[in-house]
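**Q** If you scroll down you'll find the structure; I have some questions about it.
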Amino acid sequence: MDIVKYNSEAWDREVESGENPWTLPVGPEVIEEAREGRFSVLLTNNKPVPRDWFPDSFEGVDVLCLASGGGQQGPVFAAMGANVTVFDNSEGQLAKDRLVADREGLEIRTEKGDAADLSRFEDGSFDLIFHPCSNCFMPDIEPVWNEAYRVLRTGGDLLAGFHNGFFFIFDQIKADRDGVLEVKNPLPYSDLNDLSEEDLKYFVKDGEPLEYGHTLDQQIGGQVRAGFAITGFYEDSDGSPISEYCGVLAATRAHKY
């Protein structure tokens with residue numbers, strides 16, 4: 001299976017369904033507040049990103065919204081004066097950003113592609129990279145960190161949200177369907193490699209995106225190995241049965257010195 005192509009099409013279906021909160025574009029009131037300097041954006045499901053993780057002013061800041069389509073964060077940054085490029089693997093998600101941009105008179109550049117390959121961008125192209133929870137749909141994330149480091153300018157920051165990998169050690173079908181937490185899978189985890197044929201059909205029968213569970217060494221260690229220094233961290237929940245016991249999502253602020 002070409003997982004990049006499959007998940008691209010799967011996210012287009014998520015957009016069409018209109019049920020996934022990450023596919024719902026912001027309204028005019030959010031853009032109006034952003035123009036006045038008031039904003040709140042998410043790297044994870046619920047907890048807003050701290051204001052001091054961002055520049056004091058967005059005016060003229062070059063921002064890459066990495067795997068961050070959906071008409072949510074990119075338009076907010078653009079409304080505050082940033083030069084925004086939204087990069088995503090789903091054309092449907094990118095269309096949401098163009099929808100908000102057209103509606104609000106914003107300038108936003110959209111680019112479709114795989115986050116592990118940013119070769120179309122030159123070294124040091126951006127001041128800020130915003131990468132919300134999405135690398136669970138990517139089989140190998142070290143190239144993502146390496147590419148992010150390359151295209152970020154010295155003094156810039158990568159803000160990333162991701163799953164704590166232990167989320168995936170549990171039988172997700174039993175957790176989702178029955179609320180039962182049963183340890184089943186090793187890490188790193190892959191829907192394609194670790195599910196039985198029958199269980200895989202549970203997820204692909206409706207064309208849902210397929211997921212990967214990465215270790216903290218791959219998530220945080222990978223950023224450090226790419227050259228970043230971690231300067232901020234917090235955890236969040238996602239409403240799953242597992243999150244009743246601990247945070248299953250995390251966000252990092254990583255600086256390029």
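Lettering and numbering for the structure tokens are positional, with chains as A, B, ... in the shown order, residues counted from 1 in each chain, and ligands counted from 1 in the shown order.
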Quick one: which range 143-235 of chain A residues come within 6 Å of range 124-137 of chain A, and what is the nearest atom pair for each with the distance in Å to one decimal, counting only C-alpha atoms, rows ordered by chain and ascending number, as CSV?

**A**
```
residue,atom,partner,partner_atom,distance
A:Val151,CA,A:Gly124,CA,4.4
A:Leu152,CA,A:Gly124,CA,4.7
A:Arg153,CA,A:Gly124,CA,4.1
A:Gly156,CA,A:Asp127,CA,4.8
A:Asp157,CA,A:Leu128,CA,5.2
A:Leu158,CA,A:Ile129,CA,4.7
A:Leu159,CA,A:Phe130,CA,5.0
A:Ala160,CA,A:His131,CA,4.6
A:Gly161,CA,A:Cys133,CA,4.5
A:Phe162,CA,A:Cys133,CA,4.6
A:Glu211,CA,A:Phe137,CA,4.7
A:Tyr212,CA,A:Cys136,CA,4.8
```

**Q** Export, as a tab-separated table (two decimals), in the first residue's frame, the selected residues with N, CA and C atoms.

**A**
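Heads up, here's the output in part37.tsv:
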```
chain	number	residue	atom	x	y	z
A	151	VAL	N	14.74	23.76	6.90
A	151	VAL	CA	14.03	24.89	6.31
A	151	VAL	C	13.75	26.01	7.32
A	152	LEU	N	14.08	25.76	8.60
A	152	LEU	CA	13.89	26.79	9.63
A	152	LEU	C	15.14	27.66	9.72
A	153	ARG	N	14.94	28.94	9.92
A	153	ARG	CA	16.06	29.85	10.09
A	153	ARG	C	16.65	29.72	11.49
A	156	GLY	N	14.80	30.36	14.95
A	156	GLY	CA	13.39	30.02	14.79
A	156	GLY	C	12.95	28.88	15.68
A	157	ASP	N	11.64	28.63	15.69
A	157	ASP	CA	11.07	27.59	16.53
A	157	ASP	C	10.18	26.65	15.74
A	158	LEU	N	10.23	25.37	16.11
A	158	LEU	CA	9.31	24.34	15.64
A	158	LEU	C	8.35	24.03	16.78
A	159	LEU	N	7.05	24.24	16.57
A	159	LEU	CA	6.04	23.89	17.55
A	159	LEU	C	5.32	22.65	17.04
A	160	ALA	N	5.38	21.56	17.81
A	160	ALA	CA	4.86	20.28	17.34
A	160	ALA	C	3.95	19.64	18.37
A	161	GLY	N	2.86	19.06	17.90
A	161	GLY	CA	1.98	18.25	18.73
A	161	GLY	C	2.01	16.81	18.26
A	162	PHE	N	1.88	15.86	19.20
A	162	PHE	CA	1.96	14.45	18.80
A	162	PHE	C	1.38	13.56	19.90
A	211	GLU	N	-2.85	4.71	11.03
A	211	GLU	CA	-2.01	5.40	12.00
A	211	GLU	C	-0.75	4.62	12.37
A	212	TYR	N	0.19	5.37	12.96
A	212	TYR	CA	1.46	4.82	13.44
A	212	TYR	C	1.71	5.35	14.85
```

**Q** I need the residues in range 59-90 of chain A that are strand (DSSP E or B) according to DSSP; give them as a ChimeraX atom specification.

**A** /A:62-66,83-88

**Q** So that I have them on file, write out the residues from the current selection with N, CA and C atoms, as a JSON list (two decimals), in the first residue's frame.

**A**
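The result, written out as selection-v8.json:
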```json
[["chain", "number", "residue", "atom", "x", "y", "z"],
["A", 62, "ASP", "N", 7.69, 34.64, 8.57],
["A", 62, "ASP", "CA", 7.44, 33.56, 7.61],
["A", 62, "ASP", "C", 7.09, 32.28, 8.36],
["A", 63, "VAL", "N", 5.84, 31.83, 8.21],
["A", 63, "VAL", "CA", 5.33, 30.69, 8.96],
["A", 63, "VAL", "C", 5.02, 29.53, 8.01],
["A", 64, "LEU", "N", 5.49, 28.34, 8.37],
["A", 64, "LEU", "CA", 5.13, 27.12, 7.67],
["A", 64, "LEU", "C", 4.18, 26.33, 8.56],
["A", 65, "CYS", "N", 2.94, 26.17, 8.13],
["A", 65, "CYS", "CA", 1.98, 25.31, 8.82],
["A", 65, "CYS", "C", 2.13, 23.92, 8.23],
["A", 66, "LEU", "N", 2.84, 23.06, 8.94],
["A", 66, "LEU", "CA", 3.28, 21.77, 8.42],
["A", 66, "LEU", "C", 2.28, 20.67, 8.76],
["A", 83, "ASN", "N", 3.45, 35.86, 6.91],
["A", 83, "ASN", "CA", 3.49, 35.29, 5.56],
["A", 83, "ASN", "C", 3.35, 33.78, 5.70],
["A", 84, "VAL", "N", 2.19, 33.25, 5.35],
["A", 84, "VAL", "CA", 1.84, 31.87, 5.71],
["A", 84, "VAL", "C", 1.87, 30.94, 4.51],
["A", 85, "THR", "N", 2.56, 29.81, 4.70],
["A", 85, "THR", "CA", 2.50, 28.69, 3.77],
["A", 85, "THR", "C", 1.89, 27.51, 4.50],
["A", 86, "VAL", "N", 0.80, 26.98, 3.98],
["A", 86, "VAL", "CA", 0.17, 25.78, 4.57],
["A", 86, "VAL", "C", 0.54, 24.59, 3.70],
["A", 87, "PHE", "N", 1.17, 23.60, 4.33],
["A", 87, "PHE", "CA", 1.65, 22.40, 3.63],
["A", 87, "PHE", "C", 0.90, 21.21, 4.20],
["A", 88, "ASP", "N", 0.24, 20.45, 3.33],
["A", 88, "ASP", "CA", -0.57, 19.32, 3.82],
["A", 88, "ASP", "C", -0.64, 18.26, 2.73]]
```

**Q** If you count only C-alpha atoms, which residues fall within 9 Å of range 228-231 of chain A, apart from same-chain ones fewer than 2 positions away, as number ranges by chain?

**A** A: 145, 149, 157-158, 220, 222-226, 233, 252-257

**Q** From the set A:Glu59, A:Thr110, A:Phe168, A:Tyr245, which residue has the shortest atom-to-atom contact distance to Val183 in chain A, counting only C-alpha atoms?

**A**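 Between A:Glu59, A:Thr110, A:Phe168, A:Tyr245, the residue approaching Val183 in chain A most closely is A:Phe168.
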
**Q** Between A:Ser17, A:Ser90, A:Gln219, A:Gln72, single out the one closest to Pro143 in chain A, counting only C-alpha atoms.

**A**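 Residue with the minimum atom-to-atom distance to Pro143 in chain A: A:Gln219.
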
**Q** Find the residues around Asn185 in chain A up to 9 Å (only C-alpha atoms counted), leave out those fewer than 6 positions away in its own chain, and share them as a list in words.

**A** Phe168, Ile169, Phe170, Asp171, Asp194 and Leu195 of chain A

**Q** Please, could you write that set of residues out with C-alpha atoms as a PDB file, in the first residue's frame?

**A**
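result22.pdb written:
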```
ATOM      1  CA  PHE A 168      -0.904   2.639  20.650  1.00  0.00           C
ATOM      2  CA  ILE A 169       0.138  -0.262  22.863  1.00  0.00           C
ATOM      3  CA  PHE A 170      -3.532  -0.875  23.644  1.00  0.00           C
ATOM      4  CA  ASP A 171      -6.041  -2.751  21.484  1.00  0.00           C
ATOM      5  CA  ASP A 194       0.599  -4.949  13.641  1.00  0.00           C
ATOM      6  CA  LEU A 195      -3.115  -5.436  13.022  1.00  0.00           C
TER       7      LEU A 195
END
```

**Q** Given the choices A:Asn45, A:Asn89, A:Ser119, A:Gln172, which gets closest to Gly239 in chain A if the distance is worked out from only C-alpha atoms?

**A**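 When distances to Gly239 in chain A are compared using only C-alpha atoms, the smallest one comes from A:Asn45.
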
**Q** Using only C-alpha atoms, find the one residue out of A:Gly155, A:Arg177, A:Lys205, A:Val49 that sits nearest to Ala250 in chain A.

**A** A:Val49

**Q** Give me, as a PyMOL selection string, the residues of range 208-251 of chain A that a backbone DSSP run labels helix (DSSP H, G or I).

**A** chain A and resi 216-226+241-244

**Q** Which residues are near His214 in chain A? Cut-off 9 Å, only C-alpha atoms, ignore same chain within fewer than 3 positions. Put them as a PyMOL selection string.

**A** chain A and resi 135-136+139-141+163-166+168+187-190+217-219

**Q** Please provide the set of residues having any atom within 6 Å of Arg35 in chain A, restricted to only C-alpha atoms, with same-chain residues fewer than 3 positions apart removed, written as a PyMOL selection string.

**A** chain A and resi 32+79-80

**Q** Between CA of Arg120 in chain A and CA of Ser57 in chain A, what is the spacing in Å?

**A**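 CA of Ser57 in chain A sits 27.0 Å away from CA of Arg120 in chain A.
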